[in-house]
file structure_35.txt (compact mmCIF, C-alpha atoms and all ligand atoms)
# COMPACT_ATOMS: atom_id res chain seq x y z
CA MET A 1 -1.39 -11.21 27.49
CA LEU A 2 -4.80 -9.96 28.66
CA GLU A 3 -4.36 -11.90 31.91
CA LYS A 4 -1.30 -9.86 32.85
CA ILE A 5 -3.20 -6.59 32.54
CA LYS A 6 -6.15 -8.04 34.42
CA LYS A 7 -3.92 -9.37 37.18
CA ALA A 8 -2.68 -5.83 37.68
CA GLY A 9 -6.30 -4.86 38.37
CA PHE A 10 -7.42 -3.47 34.99
CA GLU A 11 -9.78 -4.47 32.22
CA ALA A 12 -8.33 -5.54 28.87
CA TYR A 13 -9.73 -6.77 25.54
CA PHE A 14 -8.58 -7.57 22.05
CA VAL A 15 -10.15 -5.01 19.71
CA GLY A 16 -10.06 -3.68 16.16
CA GLY A 17 -9.13 -5.35 12.91
CA SER A 18 -7.52 -8.41 14.44
CA VAL A 19 -10.79 -9.45 16.09
CA ARG A 20 -12.69 -8.82 12.86
CA ASP A 21 -10.17 -10.81 10.82
CA ALA A 22 -10.05 -13.66 13.33
CA LEU A 23 -13.86 -13.92 13.25
CA LEU A 24 -13.69 -14.01 9.45
CA GLY A 25 -11.10 -16.75 9.62
CA LYS A 26 -8.49 -14.53 8.02
CA ALA A 27 -4.84 -14.18 8.90
CA ILE A 28 -4.32 -11.44 11.44
CA HIS A 29 -1.48 -8.95 11.37
CA ASP A 30 -1.32 -6.30 14.05
CA ILE A 31 -2.97 -7.04 17.35
CA ASP A 32 -4.67 -4.20 19.18
CA ILE A 33 -5.58 -4.30 22.83
CA ALA A 34 -7.81 -1.80 24.61
CA CYS A 35 -7.54 -1.54 28.35
CA SER A 36 -8.49 0.58 31.32
CA SER A 37 -4.89 1.11 32.42
CA TYR A 38 -3.24 4.40 31.54
CA PRO A 39 -0.04 4.27 29.51
CA ALA A 40 2.20 4.69 32.55
CA GLU A 41 0.33 1.87 34.26
CA THR A 42 0.62 -0.38 31.20
CA LYS A 43 4.35 0.27 31.11
CA ASN A 44 4.63 -0.89 34.70
CA ILE A 45 3.04 -4.21 33.81
CA PHE A 46 5.36 -5.18 30.95
CA PRO A 47 9.15 -5.17 30.94
CA ARG A 48 9.51 -4.37 27.24
CA THR A 49 7.49 -1.47 25.85
CA ILE A 50 7.99 1.26 23.27
CA ASP A 51 6.23 4.62 23.39
CA ILE A 52 4.53 5.00 20.04
CA GLY A 53 1.69 7.36 20.84
CA ILE A 54 1.52 8.11 24.50
CA GLU A 55 -0.61 11.20 23.92
CA HIS A 56 -3.24 8.97 22.30
CA GLY A 57 -2.80 6.39 25.01
CA THR A 58 -0.87 3.82 22.98
CA VAL A 59 2.19 1.84 23.98
CA LEU A 60 3.71 -0.97 22.00
CA VAL A 61 4.27 -4.03 24.15
CA LEU A 62 6.78 -6.69 23.15
CA GLU A 63 5.80 -9.97 24.69
CA ASN A 64 6.47 -13.63 23.82
CA GLY A 65 7.76 -12.76 20.36
CA HIS A 66 4.75 -10.60 19.41
CA GLU A 67 4.00 -6.91 19.26
CA TYR A 68 0.80 -5.60 20.75
CA GLU A 69 -0.54 -2.08 20.45
CA VAL A 70 -2.02 -1.45 23.85
CA THR A 71 -4.29 1.59 24.04
CA THR A 72 -6.15 3.06 26.98
CA PHE A 73 -9.94 3.18 26.58
CA ARG A 74 -10.64 6.59 25.21
CA THR A 75 -13.16 8.88 23.59
CA GLU A 76 -12.41 11.47 21.01
CA ASP A 77 -13.92 14.78 21.94
CA VAL A 78 -13.93 17.61 19.51
CA TYR A 79 -13.02 17.31 15.86
CA VAL A 80 -11.89 20.60 14.43
CA ASP A 81 -10.10 19.64 11.22
CA TYR A 82 -12.28 16.71 10.12
CA ARG A 83 -9.46 14.36 10.81
CA ARG A 84 -7.92 14.38 14.24
CA PRO A 85 -9.74 14.81 17.48
CA SER A 86 -8.46 17.97 19.10
CA ARG A 87 -8.50 16.17 22.41
CA VAL A 88 -8.68 12.56 23.42
CA SER A 89 -9.94 11.72 26.85
CA PHE A 90 -9.00 8.53 28.56
CA VAL A 91 -11.96 6.76 30.06
CA ARG A 92 -12.22 3.68 32.20
CA SER A 93 -15.08 2.08 30.26
CA LEU A 94 -14.93 -0.23 27.29
CA GLU A 95 -18.29 0.86 25.96
CA GLU A 96 -17.22 4.47 25.50
CA ASP A 97 -14.17 3.24 23.65
CA LEU A 98 -16.15 1.02 21.28
CA LYS A 99 -18.53 3.87 20.40
CA ARG A 100 -15.75 5.93 18.83
CA ARG A 101 -14.82 3.16 16.39
CA ASP A 102 -15.74 3.52 12.74
CA PHE A 103 -17.68 0.46 11.61
CA THR A 104 -19.65 -2.17 13.50
CA ILE A 105 -17.32 -4.91 12.30
CA ASN A 106 -14.39 -2.95 13.75
CA ALA A 107 -16.07 -2.41 17.08
CA PHE A 108 -15.87 -5.84 18.68
CA ALA A 109 -14.04 -6.60 21.86
CA LEU A 110 -12.81 -10.07 22.67
CA ASP A 111 -12.13 -11.03 26.27
CA GLU A 112 -9.64 -13.51 27.65
CA GLU A 113 -12.19 -16.32 27.36
CA SER A 114 -12.78 -15.57 23.68
CA TYR A 115 -16.19 -14.13 24.44
CA VAL A 116 -17.15 -11.52 21.85
CA ILE A 117 -18.60 -8.27 23.14
CA ASP A 118 -20.74 -6.91 20.35
CA LYS A 119 -22.51 -3.67 21.27
CA PHE A 120 -23.56 -2.69 17.75
CA ASN A 121 -24.73 -5.92 16.15
CA GLY A 122 -21.47 -6.31 14.31
CA LEU A 123 -21.73 -10.10 14.27
CA GLU A 124 -24.96 -9.84 12.31
CA ASP A 125 -23.30 -7.43 9.86
CA LEU A 126 -20.29 -9.69 9.58
CA LYS A 127 -22.54 -12.60 8.72
CA ASN A 128 -24.47 -10.57 6.13
CA LYS A 129 -21.32 -8.96 4.77
CA ILE A 130 -22.48 -5.45 5.52
CA LEU A 131 -20.37 -2.44 6.35
CA ARG A 132 -22.25 -0.13 8.70
CA ALA A 133 -21.06 2.92 10.58
CA VAL A 134 -21.22 2.86 14.35
CA GLY A 135 -23.84 5.37 15.49
CA GLU A 136 -25.13 8.17 13.27
CA PRO A 137 -23.22 7.76 9.97
CA SER A 138 -23.41 11.40 9.02
CA GLU A 139 -21.88 12.49 12.32
CA ARG A 140 -19.16 9.90 12.08
CA PHE A 141 -17.98 10.96 8.60
CA LYS A 142 -18.21 14.61 9.57
CA GLU A 143 -15.97 13.91 12.54
CA ASP A 144 -13.41 12.13 10.42
CA ALA A 145 -13.71 11.92 6.65
CA LEU A 146 -10.90 9.41 6.40
CA ARG A 147 -13.54 6.91 7.49
CA ILE A 148 -15.05 7.29 4.02
CA MET A 149 -11.82 6.04 2.45
CA ARG A 150 -11.52 3.33 5.08
CA GLY A 151 -15.05 2.22 4.29
CA LEU A 152 -14.34 1.97 0.57
CA ARG A 153 -11.20 0.03 1.39
CA PHE A 154 -12.98 -2.44 3.69
CA SER A 155 -15.62 -3.09 1.04
CA ALA A 156 -12.81 -3.92 -1.40
CA CYS A 157 -10.91 -6.13 1.03
CA LEU A 158 -13.90 -8.03 2.38
CA ASN A 159 -16.43 -7.90 -0.45
CA PHE A 160 -18.91 -6.23 1.88
CA THR A 161 -21.88 -4.14 0.80
CA ILE A 162 -22.04 -0.69 2.33
CA GLU A 163 -25.29 -0.24 4.22
CA GLU A 164 -27.62 2.33 2.66
CA LYS A 165 -27.61 5.05 5.31
CA THR A 166 -23.88 4.65 5.77
CA PHE A 167 -23.34 4.99 2.05
CA SER A 168 -25.55 7.99 1.58
CA ALA A 169 -23.69 9.70 4.43
CA MET A 170 -20.45 8.91 2.60
CA GLN A 171 -21.87 10.63 -0.48
CA ASP A 172 -23.05 13.60 1.54
CA HIS A 173 -19.65 14.17 3.10
CA ALA A 174 -17.30 13.08 0.33
CA GLU A 175 -16.17 16.66 -0.17
CA LEU A 176 -14.61 16.63 3.27
CA LEU A 177 -11.94 14.35 1.82
CA GLU A 178 -10.26 17.50 0.56
CA LYS A 179 -9.36 18.22 4.15
CA ILE A 180 -7.81 14.83 4.78
CA SER A 181 -4.06 14.41 4.51
CA VAL A 182 -3.17 13.07 1.10
CA GLU A 183 -0.79 10.51 2.58
CA ARG A 184 -3.62 8.91 4.50
CA SER A 185 -5.94 8.86 1.52
CA PHE A 186 -3.13 7.30 -0.49
CA ILE A 187 -2.68 4.50 2.03
CA GLU A 188 -6.38 3.68 1.84
CA LEU A 189 -6.67 3.89 -1.95
CA ASP A 190 -3.51 1.84 -2.27
CA LYS A 191 -4.92 -0.88 -0.02
CA LEU A 192 -8.20 -0.70 -1.94
CA LEU A 193 -6.46 -1.22 -5.28
CA GLN A 194 -4.54 -4.23 -4.05
CA ALA A 195 -7.57 -5.85 -2.46
CA PRO A 196 -9.24 -8.90 -4.01
CA PHE A 197 -12.49 -7.01 -4.58
CA TRP A 198 -10.90 -3.79 -5.76
CA LYS A 199 -13.47 -3.41 -8.52
CA GLN A 200 -16.21 -3.21 -5.94
CA GLY A 201 -14.16 -0.61 -4.06
CA ILE A 202 -13.70 1.44 -7.23
CA ARG A 203 -17.40 1.25 -8.00
CA TYR A 204 -18.13 2.66 -4.56
CA LEU A 205 -15.42 5.26 -5.09
CA MET A 206 -17.27 6.39 -8.21
CA LEU A 207 -20.77 6.18 -6.74
CA SER A 208 -19.82 8.04 -3.58
CA HIS A 209 -18.15 10.80 -5.67
CA ALA A 210 -15.17 10.47 -3.36
CA TYR A 211 -12.84 10.47 -6.40
CA GLN A 212 -13.81 14.07 -7.12
CA TYR A 213 -12.06 15.18 -3.97
CA LEU A 214 -8.82 13.28 -4.44
CA PRO A 215 -5.72 14.65 -6.20
CA PHE A 216 -5.91 14.62 -10.01
CA LEU A 217 -9.01 12.44 -10.02
CA GLN A 218 -11.61 15.19 -10.42
CA ASP A 219 -12.74 14.20 -13.90
CA SER A 220 -11.82 10.57 -13.83
CA LEU A 221 -15.22 8.86 -13.96
CA ILE A 222 -15.15 7.60 -17.55
CA LYS A 223 -11.58 6.49 -17.13
CA TRP A 224 -12.34 4.34 -14.11
CA GLU A 225 -15.25 2.87 -16.02
CA LYS A 226 -12.94 1.93 -18.86
CA MET A 227 -10.51 0.35 -16.42
CA LEU A 228 -13.27 -1.71 -14.83
CA ALA A 229 -14.61 -2.77 -18.20
CA ASP A 230 -11.16 -3.73 -19.48
CA LEU A 231 -9.79 -5.83 -16.65
CA PRO A 232 -11.36 -9.19 -15.82
CA GLU A 233 -13.58 -9.47 -12.77
CA ASP A 234 -11.18 -11.84 -10.99
CA PHE A 235 -8.00 -9.92 -11.81
CA VAL A 236 -6.06 -8.85 -8.74
CA PHE A 237 -3.07 -6.52 -8.83
CA SER A 238 0.06 -8.18 -7.60
CA SER A 239 1.76 -5.06 -6.29
CA SER A 240 1.22 -1.44 -5.51
CA GLU A 241 3.45 -0.38 -8.44
CA GLN A 242 1.41 -2.44 -10.84
CA ALA A 243 -1.86 -1.07 -9.54
CA TRP A 244 -0.81 2.58 -9.72
CA GLY A 245 0.87 1.99 -13.08
CA ALA A 246 -2.47 0.74 -14.37
CA VAL A 247 -4.32 3.67 -12.82
CA LEU A 248 -2.00 6.17 -14.51
CA LEU A 249 -2.37 4.32 -17.77
CA TYR A 250 -6.15 4.41 -17.68
CA LEU A 251 -6.22 7.99 -16.49
CA GLY A 252 -4.11 8.80 -19.53
CA ILE A 253 -1.53 10.66 -17.48
CA ASP A 254 1.89 10.83 -19.14
CA LYS A 255 3.66 12.70 -16.41
CA THR A 256 3.95 10.24 -13.58
CA ALA A 257 6.13 12.36 -11.29
CA PRO A 258 3.81 15.35 -10.74
CA PHE A 259 0.84 13.03 -10.27
CA LEU A 260 2.51 10.86 -7.66
CA LYS A 261 4.17 13.90 -6.03
CA LYS A 262 0.76 15.32 -5.42
CA TRP A 263 -0.13 12.00 -3.80
CA LYS A 264 3.07 12.41 -1.75
CA THR A 265 4.52 9.01 -2.52
CA SER A 266 8.24 8.31 -2.13
CA ASN A 267 10.73 9.06 -4.91
CA ASP A 268 11.52 5.37 -5.19
CA PHE A 269 7.89 4.55 -5.75
CA GLN A 270 7.59 7.27 -8.40
CA LYS A 271 10.63 5.95 -10.22
CA THR A 272 9.35 2.38 -10.18
CA VAL A 273 5.94 3.36 -11.54
CA GLU A 274 7.67 5.48 -14.17
CA LYS A 275 9.71 2.47 -15.24
CA MET A 276 6.62 0.30 -15.37
CA LEU A 277 4.95 2.74 -17.71
CA ALA A 278 8.08 2.98 -19.86
CA ILE A 279 8.10 -0.81 -20.20
CA TYR A 280 4.40 -0.81 -21.00
CA LYS A 281 5.00 1.72 -23.76
CA LEU A 282 7.89 -0.16 -25.30
CA ARG A 283 5.91 -3.40 -25.21
CA GLN A 284 3.18 -1.69 -27.23
CA GLU A 285 5.76 -1.19 -29.95
CA ARG A 286 7.91 -4.29 -29.84
CA LYS A 287 9.16 -7.32 -27.97
CA ALA A 288 11.60 -6.81 -25.14
CA ASP A 289 15.29 -7.36 -25.84
CA LYS A 290 18.28 -8.13 -23.67
CA ALA A 291 19.02 -4.46 -23.02
CA ASP A 292 15.44 -3.88 -21.81
CA VAL A 293 15.47 -6.84 -19.45
CA TYR A 294 18.87 -5.79 -18.11
CA ARG A 295 17.80 -2.19 -17.67
CA TYR A 296 14.43 -2.72 -16.04
CA GLY A 297 14.93 -6.04 -14.28
CA LEU A 298 12.84 -9.18 -14.42
CA HIS A 299 10.33 -8.25 -11.74
CA LEU A 300 9.01 -5.09 -13.40
CA MET A 301 9.04 -6.67 -16.83
CA LEU A 302 6.81 -9.49 -15.57
CA LEU A 303 4.47 -7.07 -13.78
CA VAL A 304 3.85 -5.40 -17.13
CA GLU A 305 3.24 -8.74 -18.83
CA GLU A 306 0.65 -9.60 -16.17
CA LEU A 307 -1.13 -6.34 -16.85
CA ARG A 308 -1.02 -6.99 -20.59
CA GLN A 309 -2.40 -10.45 -20.02
CA ALA A 310 -5.29 -9.01 -18.01
CA GLN A 311 -5.98 -6.64 -20.89
CA GLY A 312 -6.09 -9.52 -23.34
CA LEU A 313 -2.89 -8.48 -25.12
CA THR A 314 -0.15 -10.85 -26.29
CA VAL A 315 2.34 -11.81 -23.62
CA ASP A 316 5.94 -12.94 -23.52
CA PHE A 317 6.56 -14.30 -20.02
CA GLU A 318 8.74 -17.22 -21.07
CA ARG A 319 10.88 -15.26 -23.49
CA ILE A 320 11.56 -12.56 -20.92
CA LYS A 321 12.45 -15.13 -18.27
CA THR A 322 14.82 -16.90 -20.66
CA ILE A 323 16.49 -13.64 -21.66
CA HIS A 324 16.95 -12.81 -18.01
CA ALA A 325 18.36 -16.23 -17.17
CA ASN A 326 20.87 -15.99 -20.01
CA LEU A 327 22.09 -12.45 -19.42
CA THR A 328 25.89 -12.29 -19.07
CA ILE A 329 25.51 -9.83 -16.21
CA HIS A 330 22.51 -8.62 -14.24
CA HIS A 331 24.17 -5.67 -12.54
CA LYS A 332 27.03 -3.33 -13.28
CA HIS A 333 28.92 -4.50 -10.22
CA GLU A 334 29.19 -8.01 -11.68
CA ILE A 335 31.60 -6.74 -14.36
CA VAL A 336 34.98 -8.28 -13.50
CA ILE A 337 36.94 -5.22 -14.65
CA LYS A 338 36.65 -1.91 -12.83
CA GLY A 339 37.71 1.56 -13.87
CA ARG A 340 40.82 1.36 -11.74
CA ASP A 341 41.89 -1.87 -13.52
CA LEU A 342 41.68 -0.11 -16.88
CA MET A 343 43.71 2.80 -15.56
CA ALA A 344 46.41 0.49 -14.20
CA GLU A 345 46.57 -1.90 -17.15
CA LEU A 346 46.21 0.55 -20.00
CA GLN A 347 47.58 3.74 -18.48
CA LEU A 348 44.26 5.54 -18.83
CA LYS A 349 43.30 8.63 -16.91
CA PRO A 350 40.02 9.18 -15.10
CA GLY A 351 37.53 11.25 -17.08
CA PRO A 352 34.74 11.05 -19.63
CA GLU A 353 36.75 8.78 -21.95
CA LEU A 354 37.08 6.17 -19.26
CA GLY A 355 33.39 6.44 -18.43
CA LYS A 356 32.51 5.92 -22.08
CA LEU A 357 34.69 2.80 -22.25
CA LEU A 358 33.05 1.35 -19.16
CA ASN A 359 29.62 1.95 -20.70
CA GLN A 360 30.72 0.25 -23.90
CA ILE A 361 31.94 -2.75 -21.94
CA GLU A 362 28.61 -2.95 -20.15
CA GLU A 363 26.63 -2.70 -23.39
CA HIS A 364 28.68 -5.38 -25.10
CA LEU A 365 28.40 -7.70 -22.13
CA VAL A 366 24.62 -7.26 -22.02
CA ALA A 367 24.28 -7.77 -25.76
CA GLY A 368 26.24 -11.01 -25.38
CA HIS A 369 29.04 -9.82 -27.64
CA LEU A 370 31.64 -10.03 -24.94
CA VAL A 371 32.36 -12.53 -22.18
CA ASN A 372 32.77 -11.31 -18.65
CA GLU A 373 36.44 -12.24 -18.31
CA ARG A 374 39.42 -10.08 -17.62
CA THR A 375 41.52 -10.83 -20.70
CA ALA A 376 38.55 -10.69 -23.06
CA ILE A 377 37.52 -7.31 -21.72
CA LEU A 378 41.06 -5.89 -21.84
CA ASP A 379 41.42 -7.09 -25.44
CA PHE A 380 38.15 -5.45 -26.32
CA VAL A 381 39.25 -2.17 -24.78
CA ARG A 382 42.63 -2.27 -26.56
CA LYS A 383 40.84 -2.69 -29.89
CA GLU A 384 38.48 0.16 -29.09
CA LEU A 385 41.44 2.39 -28.25
CA GLU A 386 43.17 1.54 -31.50
CA ALA A 387 40.10 2.21 -33.59
P1 LIG A 401 -6.24 -3.15 9.21
O1 LIG A 401 -6.59 -4.52 8.79
O2 LIG A 401 -5.91 -2.26 8.08
O3 LIG A 401 -5.23 -3.06 10.32
P2 LIG A 401 -8.01 -2.13 11.22
O4 LIG A 401 -9.48 -2.15 11.30
O5 LIG A 401 -7.24 -2.89 12.26
O6 LIG A 401 -7.63 -2.58 9.76
P3 LIG A 401 -6.46 0.09 12.11
O7 LIG A 401 -6.15 1.35 11.38
O8 LIG A 401 -5.38 -0.85 12.46
O9 LIG A 401 -7.55 -0.64 11.22
O10 LIG A 401 -7.27 0.52 13.40
C1 LIG A 401 -7.62 -0.36 14.45
C2 LIG A 401 -9.02 -0.07 14.94
O11 LIG A 401 -9.12 1.28 15.38
C3 LIG A 401 -10.10 -0.20 13.88
O12 LIG A 401 -10.55 -1.53 13.73
C4 LIG A 401 -11.18 0.72 14.42
O13 LIG A 401 -11.89 0.10 15.47
C5 LIG A 401 -10.37 1.85 15.03
N1 LIG A 401 -10.13 2.93 14.06
C6 LIG A 401 -9.05 3.10 13.26
N2 LIG A 401 -9.15 4.22 12.53
C7 LIG A 401 -10.34 4.78 12.87
C8 LIG A 401 -11.01 5.97 12.48
N3 LIG A 401 -10.50 6.79 11.57
N4 LIG A 401 -12.19 6.23 13.07
C9 LIG A 401 -12.72 5.41 14.01
N5 LIG A 401 -12.14 4.28 14.42
C10 LIG A 401 -10.96 3.97 13.86
MG MG A 402 -5.16 -2.98 12.43

call {"tool": "encode", "arguments": {"input": "structure_35.txt", "output": "structure tokens", "more": "lines below"}}
Ligand code: ATP
Ligand code: MG
result
Amino acid sequence: MLEKIKKAGFEAYFVGGSVRDALLGKAIHDIDIACSSYPAETKNIFPRTIDIGIEHGTVLVLENGHEYEVTTFRTEDVYVDYRRPSRVSFVRSLEEDLKRRDFTINAFALDEESYVIDKFNGLEDLKNKILRAVGEPSERFKEDALRIMRGLRFSACLNFTIEEKTFSAMQDHAELLEKISVERSFIELDKLLQAPFWKQGIRYLMLSHAYQYLPFLQDSLIKWEKMLADLPEDFVFSSSEQAWGAVLLYLGIDKTAPFLKKWKTSNDFQKTVEKMLAIYKLRQERKADKADVYRYGLHLMLLVEELRQAQGLTVDFERIKTIHANLTIHHKHEIVIKGRDLMAELQLKPGPELGKLLNQIEEHLVAGHLVNERTAILDFVRKELEA
């Protein structure tokens, strides 16, 4: 991959998170390459490319079954909105490019012979599990406050300690998070929550005061403390829904929709978290029954049980799984009789009556009072109509 760019007369290195993760022995996901070729030049080298951010110098290259984000060496000149550089300048030198990167452990370059170029002592920091800003921390967070959230996230993913000067600069500039797009903060907080060392990330979130500048979290300190005290040290959330469900629970927020709307999450996500909280509530009152398992589905039911388990509450994994396995139907579309069958067989007309009958069929099937067979269902409907 690098060879091809070099053969064309340019410099090219692996950079970013994939180098960091490879050095840590972790699985790598997206592979970033930095090079001296300009986007148009990169596109001439590879037959299959997709423009994903030409103005920032990035093209996606599809090569031997992989995707590579190939970005021209660049600097970021003037930051006006604390988030995006108002201008990026392409440069021909690797060093300039590495300087703009956020943390020393994200500022490695790896050449084609697997030699690590480490201009900021990142290897030392990697070894000591330290997160340190590249250059003057204060300047770097002023340029782009999202780096504060990224830093908290990396500490949670990697179990790294944030270096003192870096951390105090995070505290000093936490208020700039108000200027960061909520979607981007969400992505970082979401990754933080799902990370193995999320408690460490949350502790830093509290200590840095970053939470004060995030939607609906202004007065959340005691609530986070309770959440940390309640959940075991080694507990890890198994999905984003579960994590945010727990957050809403500990924050004591009943109205999920406005909260998550402010965080600009998708409607689907809001609905799922809402369901999780509804299940949680019902489980505080009673055991789940067939109708619950049918309505909410196995996956969400089990996510709630996991959370309950972490909280030291009684759990019902096996019962819920058995109920699910024995349900007559798992979805409406599995019902063997449709509305049009009822209309044809029993001379019914479309309308609310028919809808009500279909609902009754569904309820009886789920309750196990009716078998999912044509004659049985038609008999049931005839009886209902006579009654
Ligand atoms: P992940 O594992 O989430 O992909 P990553 O470190 O690869 O982590 P990316 O967002 O993929 O993060 O960015 C790739 C690289 O670009 C980073 O490693 C870092 O060098 C640089 N980078 C990304 N965002 C910023 C930023 N806000 N400020 C400075 N450098 C950044
Ligand atoms: Mg990455």

call {"tool": "axis_aligned_box", "arguments": {"input": "structure_35.txt", "around": "ligand LIG 401 (chain A)", "padding_each_side": "3 Å", "output": "AutoDock Vina command-line options"}}
result
--center_x -9.0 --center_y 1.1 --center_z 11.8 --size_x 13.5 --size_y 17.3 --size_z 13.4

call {"tool": "residues_around", "arguments": {"input": "structure_35.txt", "residues": "Glu373 in chain A", "least_positions_apart": "2", "cutoff": "8 Å", "atoms": "only C-alpha atoms", "output": "ChimeraX atom specification"}}
result
/A:336-337,371,375-377

call {"tool": "residues_around", "arguments": {"input": "structure_35.txt", "residues": "range 290-292 of chain A", "least_positions_apart": "5", "cutoff": "9 Å", "atoms": "all atoms listed in the file", "output": "VMD selection string"}}
result
chain A and resid 279 297 301 320 323 to 324 327 363 366 to 368

call {"tool": "write_last_selection", "arguments": {"input": "structure_35.txt", "atoms": "C-alpha atoms", "output": "PDB file, in the frame of the given file"}}
result
ATOM      1  CA  ILE A 279       8.100  -0.810 -20.200  1.00  0.00           C
ATOM      2  CA  GLY A 297      14.930  -6.040 -14.280  1.00  0.00           C
ATOM      3  CA  MET A 301       9.040  -6.670 -16.830  1.00  0.00           C
ATOM      4  CA  ILE A 320      11.560 -12.560 -20.920  1.00  0.00           C
ATOM      5  CA  ILE A 323      16.490 -13.640 -21.660  1.00  0.00           C
ATOM      6  CA  HIS A 324      16.950 -12.810 -18.010  1.00  0.00           C
ATOM      7  CA  LEU A 327      22.090 -12.450 -19.420  1.00  0.00           C
ATOM      8  CA  GLU A 363      26.630  -2.700 -23.390  1.00  0.00           C
ATOM      9  CA  VAL A 366      24.620  -7.260 -22.020  1.00  0.00           C
ATOM     10  CA  ALA A 367      24.280  -7.770 -25.760  1.00  0.00           C
ATOM     11  CA  GLY A 368      26.240 -11.010 -25.380  1.00  0.00           C
TER      12      GLY A 368
END

call {"tool": "closest_atom_pairs", "arguments": {"input": "structure_35.txt", "of": "chain A", "to": "ligand LIG 401 (chain A)", "cutoff": "9 Å", "atoms": "only C-alpha atoms and all ligand atoms", "output": "Markdown table"}}
result
| residue | atom | partner | partner_atom | distance |
| --- | --- | --- | --- | --- |
| A:Val15 | CA | A:LIG401 | O13 | 6.9 |
| A:Gly16 | CA | A:LIG401 | O12 | 3.3 |
| A:Gly17 | CA | A:LIG401 | O5 | 3.2 |
| A:Ser18 | CA | A:LIG401 | O5 | 5.9 |
| A:Val19 | CA | A:LIG401 | O12 | 8.3 |
| A:Arg20 | CA | A:LIG401 | O4 | 7.6 |
| A:Asp21 | CA | A:LIG401 | O1 | 7.5 |
| A:Ile28 | CA | A:LIG401 | O1 | 7.7 |
| A:His29 | CA | A:LIG401 | O3 | 7.1 |
| A:Asp30 | CA | A:LIG401 | O3 | 6.3 |
| A:Ile31 | CA | A:LIG401 | O5 | 7.8 |
| A:Asp32 | CA | A:LIG401 | C1 | 6.8 |
| A:Arg83 | CA | A:LIG401 | N3 | 7.7 |
| A:Arg84 | CA | A:LIG401 | N3 | 8.4 |
| A:Leu98 | CA | A:LIG401 | O13 | 7.3 |
| A:Lys99 | CA | A:LIG401 | N5 | 8.8 |
| A:Arg100 | CA | A:LIG401 | C9 | 5.7 |
| A:Arg101 | CA | A:LIG401 | N5 | 3.5 |
| A:Asp102 | CA | A:LIG401 | C9 | 3.8 |
| A:Phe103 | CA | A:LIG401 | O13 | 7.0 |
| A:Thr104 | CA | A:LIG401 | O13 | 8.3 |
| A:Ile105 | CA | A:LIG401 | O12 | 7.7 |
| A:Asn106 | CA | A:LIG401 | O12 | 4.1 |
| A:Ala107 | CA | A:LIG401 | O13 | 5.1 |
| A:Phe108 | CA | A:LIG401 | O13 | 7.8 |
| A:Val134 | CA | A:LIG401 | C9 | 8.9 |
| A:Arg140 | CA | A:LIG401 | N4 | 7.9 |
| A:Phe141 | CA | A:LIG401 | N4 | 8.7 |
| A:Glu143 | CA | A:LIG401 | N4 | 8.6 |
| A:Asp144 | CA | A:LIG401 | N3 | 6.2 |
| A:Ala145 | CA | A:LIG401 | N3 | 7.8 |
| A:Leu146 | CA | A:LIG401 | N3 | 5.8 |
| A:Arg147 | CA | A:LIG401 | N3 | 5.1 |
| A:Ile148 | CA | A:LIG401 | N3 | 8.8 |
| A:Arg150 | CA | A:LIG401 | N3 | 7.4 |
| A:Arg153 | CA | A:LIG401 | O2 | 8.8 |
| A:Phe154 | CA | A:LIG401 | O6 | 8.1 |
| A:Glu188 | CA | A:LIG401 | O2 | 8.6 |
| A:Lys191 | CA | A:LIG401 | O2 | 8.3 |

call {"tool": "closest_residue", "arguments": {"input": "structure_35.txt", "among": "A:Leu131, A:Leu207, A:Ala27, A:Leu2", "to": "ligand MG 402 (chain A)", "atoms": "only C-alpha atoms and all ligand atoms"}}
result
A:Ala27

call {"tool": "atom_distance", "arguments": {"input": "structure_35.txt", "atom1": "CA of Glu164 in chain A", "atom2": "CA of Asp118 in chain A"}}
result
21.1 Å

call {"tool": "closest_atom_pairs", "arguments": {"input": "structure_35.txt", "of": "range 118-186 of chain A", "to": "range 239-261 of chain A", "cutoff": "12 Å", "atoms": "only C-alpha atoms", "output": "JSON lines"}}
result
{"residue": "A:Val182", "atom": "CA", "partner": "A:Lys261", "partner_atom": "CA", "distance": 10.3}
{"residue": "A:Glu183", "atom": "CA", "partner": "A:Lys261", "partner_atom": "CA", "distance": 10.5}
{"residue": "A:Phe186", "atom": "CA", "partner": "A:Leu260", "partner_atom": "CA", "distance": 9.8}

call {"tool": "atom_distance", "arguments": {"input": "structure_35.txt", "atom1": "CA of Glu362 in chain A", "atom2": "CA of Val293 in chain A"}}
result
13.7 Å

call {"tool": "atom_distance", "arguments": {"input": "structure_35.txt", "atom1": "CA of Thr328 in chain A", "atom2": "CA of Leu370 in chain A"}}
result
8.5 Å

call {"tool": "closest_residue", "arguments": {"input": "structure_35.txt", "among": "A:Ser168, A:Ile162, A:Leu217, A:Lys179", "to": "Gln200 in chain A", "atoms": "all atoms listed in the file"}}
result
A:Ile162

call {"tool": "closest_residue", "arguments": {"input": "structure_35.txt", "among": "A:Val116, A:Ile33, A:Ile329, A:Leu357", "to": "ligand MG 402 (chain A)", "atoms": "all atoms listed in the file"}}
result
A:Ile33

call {"tool": "closest_residue", "arguments": {"input": "structure_35.txt", "among": "A:Val236, A:Leu60, A:Leu152, A:Ile335", "to": "Ser185 in chain A", "atoms": "all atoms listed in the file"}}
result
A:Leu152

call {"tool": "closest_residue", "arguments": {"input": "structure_35.txt", "among": "A:Tyr294, A:Trp263, A:Phe235, A:Phe10", "to": "Leu193 in chain A", "atoms": "only C-alpha atoms"}}
result
A:Phe235
